[in-house]
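Heads up: the structure comes next, in structure tokens.
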Amino acid sequence: MSVEVKICGIRDAEALDAAVEAGADLIGFVFFPPSPRAVTPAEAGALSARHAGGPVRVGLFVDPTDEQLAATLAEAPLGLIQLHGEETPDRAAAIRARFGLPVMKALGIGAPEDLAAVEAFAPVVDRFLFDAKPPPGGPLPGGNAQPFEWRLMAGHAIPRPWLLAGGLTPGNVAEAIRTAQAPGVDVSSGVERARGVKDPALIRAFVSSAKGR
Ligand SMILES: O=C(O)c1ccccc1NCC(=O)[C@H](O)[C@H](O)COP(=O)(O)O
């Protein structure tokens with residue numbers, strides 16, 4: 001089966017078009033204002049309208065309130081909510097129930113024991129995203145171009161579809177997929193020409209390498 005690819009932090013039409021045309025399966029919009037990749041709900045809604053019925057639109061949130069989620073969904077149709085903060089299993093379950101959308105929980109992995117959280121979240125989320133832990137005191141909980149030890153994922157039976165993230169690039173993604181035995185991948189920094197600025201050529205190269213084309 002083809003590896004799923006998510007291109008995260010899309011902010012402009014050129015990058016979105018490149019991702020869709022290259023065959024990305026999921027597109028991420030960052031709704032976290034401190035991020036250089038942040039978009040407003042209206043901007044995400046306008047971008048989304050370019051490719052009706054295209055890839056799954058993922059809204060990335062960090063410890064969102066119900067008010068933020070409701071206001072975002074009013075302007076930007078989303079197919080999946082990504083939770084990239086300190087959300088608990090109870091909070092993930094409440095968001096899933098209240099907004100009626102599938103939820104993907106991001107977990108930072110730095111050691112084998114970090115995978116223990118999967119058990120608590122699995123009953124209440126639809127997907128996982130495994131990322132590097134953010135640098136201590138850094139401004140962003142994700143999107144830091146930091147890889148983690150891919151071999152920590154190998155051989156684990158994760159009971160939900162999952163994406164590998166953290167420091168992936170067109171040059172390393174094929175090896176990362178093999179080493180982690182990942183069914184899907186997610187990228188942000190590795191397809192940027194400058195922080196927060198996506199590069200269509202890198203997006204095409206990434207999707208192509210990930211999907212083994
Ligand atoms: O990308 C951001 O700016 C961001 C901000 C706050 C929370 C999460 C964020 N990104 C999460 C993602 O899904 C990234 O694609 C993932 O962390 C991988 O990023 P990178 O290592 O830059 O490819």
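Residue names in the structure tokens use chain letters A, B, ... in the order shown, residue numbers from 1 in each chain, and ligand numbers from 1 in the order shown.
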
Contact table chain A vs ligand 1, cut-off 9 Å, shortest pair per residue, only C-alpha atoms and all ligand atoms, as CSV:
residue,atom,partner,partner_atom_place_in_ligand_line,distance
A:Lys6,CA,ligand 1,15 (O),7.8
A:Ile7,CA,ligand 1,15 (O),6.9
A:Cys8,CA,ligand 1,15 (O),4.7
A:Gly9,CA,ligand 1,1 (O),5.7
A:Gly28,CA,ligand 1,13 (O),7.2
A:Phe29,CA,ligand 1,1 (O),8.9
A:Val30,CA,ligand 1,2 (C),6.4
A:Phe31,CA,ligand 1,6 (C),8.1
A:Phe32,CA,ligand 1,6 (C),6.0
A:Pro33,CA,ligand 1,5 (C),8.5
A:Pro34,CA,ligand 1,5 (C),7.6
A:Ser35,CA,ligand 1,3 (O),4.5
A:Pro36,CA,ligand 1,3 (O),6.1
A:Arg37,CA,ligand 1,3 (O),5.2
A:Ala38,CA,ligand 1,3 (O),6.9
A:Leu60,CA,ligand 1,8 (C),6.8
A:Phe61,CA,ligand 1,7 (C),6.9
A:Val62,CA,ligand 1,7 (C),6.1
A:Gln82,CA,ligand 1,13 (O),7.9
A:Leu83,CA,ligand 1,7 (C),8.4
A:His84,CA,ligand 1,7 (C),5.4
A:Gly85,CA,ligand 1,7 (C),7.1
A:Ala106,CA,ligand 1,13 (O),7.8
A:Leu129,CA,ligand 1,13 (O),7.6
A:Phe130,CA,ligand 1,17 (O),8.6
A:Asp131,CA,ligand 1,17 (O),5.8
A:Ala132,CA,ligand 1,17 (O),7.3
A:Lys133,CA,ligand 1,17 (O),9.0
A:Pro134,CA,ligand 1,17 (O),8.6
A:Pro139,CA,ligand 1,6 (C),8.4
A:Leu140,CA,ligand 1,6 (C),4.9
A:Pro141,CA,ligand 1,7 (C),4.6
A:Gly142,CA,ligand 1,8 (C),3.6
A:Gly143,CA,ligand 1,19 (O),3.2
A:Asn144,CA,ligand 1,22 (O),4.5
A:Ala145,CA,ligand 1,21 (O),3.4
A:Gln146,CA,ligand 1,21 (O),5.1
A:Pro147,CA,ligand 1,21 (O),6.6
A:Leu164,CA,ligand 1,18 (C),8.4
A:Ala165,CA,ligand 1,18 (C),4.7
A:Gly166,CA,ligand 1,21 (O),3.5
A:Gly167,CA,ligand 1,21 (O),3.8
A:Leu168,CA,ligand 1,23 (O),5.4
A:Thr169,CA,ligand 1,23 (O),7.5
A:Asp186,CA,ligand 1,15 (O),5.4
A:Val187,CA,ligand 1,23 (O),3.8
A:Ser188,CA,ligand 1,23 (O),3.7
A:Ser189,CA,ligand 1,22 (O),3.6
A:Gly190,CA,ligand 1,23 (O),5.4
A:Val191,CA,ligand 1,23 (O),7.7
A:Glu192,CA,ligand 1,22 (O),8.8
A:Gly196,CA,ligand 1,3 (O),7.5

As a ChimeraX atom specification, list the residues of stretch 3-54 of chain A assigned to helix (DSSP H, G or I) by DSSP on the backbone atoms of this structure.
-> /A:13-22,41-51

Using N, CA and C atoms, can you export the residues from the last selection as an mmCIF file, in the first residue's frame?
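And here is the file that came out, again_25.cif:
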data_model
loop_
_atom_site.group_PDB
_atom_site.id
_atom_site.type_symbol
_atom_site.label_atom_id
_atom_site.label_comp_id
_atom_site.auth_asym_id
_atom_site.auth_seq_id
_atom_site.Cartn_x
_atom_site.Cartn_y
_atom_site.Cartn_z
ATOM 1 N N ALA A 13 -1.164 29.480 -2.188
ATOM 2 C CA ALA A 13 -1.772 28.680 -3.248
ATOM 3 C C ALA A 13 -0.740 27.874 -4.039
ATOM 4 N N GLU A 14 0.427 28.459 -4.248
ATOM 5 C CA GLU A 14 1.450 27.764 -5.036
ATOM 6 C C GLU A 14 1.872 26.459 -4.342
ATOM 7 N N ALA A 15 2.091 26.543 -3.050
ATOM 8 C CA ALA A 15 2.488 25.346 -2.294
ATOM 9 C C ALA A 15 1.342 24.342 -2.238
ATOM 10 N N LEU A 16 0.138 24.849 -2.036
ATOM 11 C CA LEU A 16 -1.016 23.939 -1.977
ATOM 12 C C LEU A 16 -1.179 23.205 -3.306
ATOM 13 N N ASP A 17 -1.128 23.944 -4.391
ATOM 14 C CA ASP A 17 -1.296 23.316 -5.706
ATOM 15 C C ASP A 17 -0.211 22.262 -5.945
ATOM 16 N N ALA A 18 1.017 22.585 -5.559
ATOM 17 C CA ALA A 18 2.117 21.620 -5.753
ATOM 18 C C ALA A 18 1.855 20.349 -4.950
ATOM 19 N N ALA A 19 1.401 20.514 -3.719
ATOM 20 C CA ALA A 19 1.155 19.347 -2.867
ATOM 21 C C ALA A 19 0.023 18.488 -3.431
ATOM 22 N N VAL A 20 -1.057 19.133 -3.841
ATOM 23 C CA VAL A 20 -2.201 18.382 -4.370
ATOM 24 C C VAL A 20 -1.809 17.665 -5.659
ATOM 25 N N GLU A 21 -1.142 18.406 -6.542
ATOM 26 C CA GLU A 21 -0.779 17.801 -7.835
ATOM 27 C C GLU A 21 0.262 16.690 -7.675
ATOM 28 N N ALA A 22 1.107 16.794 -6.652
ATOM 29 C CA ALA A 22 2.114 15.738 -6.421
ATOM 30 C C ALA A 22 1.485 14.486 -5.822
ATOM 31 N N PRO A 41 -8.349 31.275 10.026
ATOM 32 C CA PRO A 41 -9.389 30.389 9.491
ATOM 33 C C PRO A 41 -9.864 30.839 8.109
ATOM 34 N N ALA A 42 -9.975 32.131 7.903
ATOM 35 C CA ALA A 42 -10.442 32.620 6.592
ATOM 36 C C ALA A 42 -9.434 32.279 5.497
ATOM 37 N N GLU A 43 -8.152 32.425 5.803
ATOM 38 C CA GLU A 43 -7.121 32.078 4.798
ATOM 39 C C GLU A 43 -7.168 30.584 4.475
ATOM 40 N N ALA A 44 -7.306 29.772 5.506
ATOM 41 C CA ALA A 44 -7.372 28.317 5.262
ATOM 42 C C ALA A 44 -8.617 27.964 4.457
ATOM 43 N N GLY A 45 -9.725 28.623 4.772
ATOM 44 C CA GLY A 45 -10.963 28.363 4.032
ATOM 45 C C GLY A 45 -10.810 28.711 2.557
ATOM 46 N N ALA A 46 -10.186 29.835 2.280
ATOM 47 C CA ALA A 46 -10.005 30.260 0.879
ATOM 48 C C ALA A 46 -9.070 29.300 0.150
ATOM 49 N N LEU A 47 -7.994 28.877 0.807
ATOM 50 C CA LEU A 47 -7.075 27.921 0.177
ATOM 51 C C LEU A 47 -7.787 26.597 -0.101
ATOM 52 N N SER A 48 -8.527 26.133 0.899
ATOM 53 C CA SER A 48 -9.235 24.850 0.769
ATOM 54 C C SER A 48 -10.165 24.832 -0.430
ATOM 55 N N ALA A 49 -10.785 25.965 -0.686
ATOM 56 C CA ALA A 49 -11.780 26.031 -1.758
ATOM 57 C C ALA A 49 -11.156 25.793 -3.128
ATOM 58 N N ARG A 50 -9.829 25.913 -3.231
ATOM 59 C CA ARG A 50 -9.167 25.683 -4.530
ATOM 60 C C ARG A 50 -9.264 24.229 -4.984
ATOM 61 N N HIS A 51 -9.352 23.300 -4.041
ATOM 62 C CA HIS A 51 -9.300 21.878 -4.422
ATOM 63 C C HIS A 51 -10.406 21.105 -3.715
#

A:Arg193 surroundings by only C-alpha atoms, 9 Å radius, close-in-sequence under 5 positions cut, as a count of residues only | 3

When DSSP works through the backbone of this structure, what residues of stretch 47-210 of chain A end up as strand (DSSP E or B), shown as a PyMOL selection string?
-> chain A and resi 56-61+80-83+103-108+127-131+162-164+184-187+192-194+197-198

Please identify all polymer residues within 9 Å of A:Pro159, counting only C-alpha atoms, omitting same-chain residues fewer than 2 positions from it, and present them as a ChimeraX atom specification.
-> /A:118-119,122,127,157,161-162
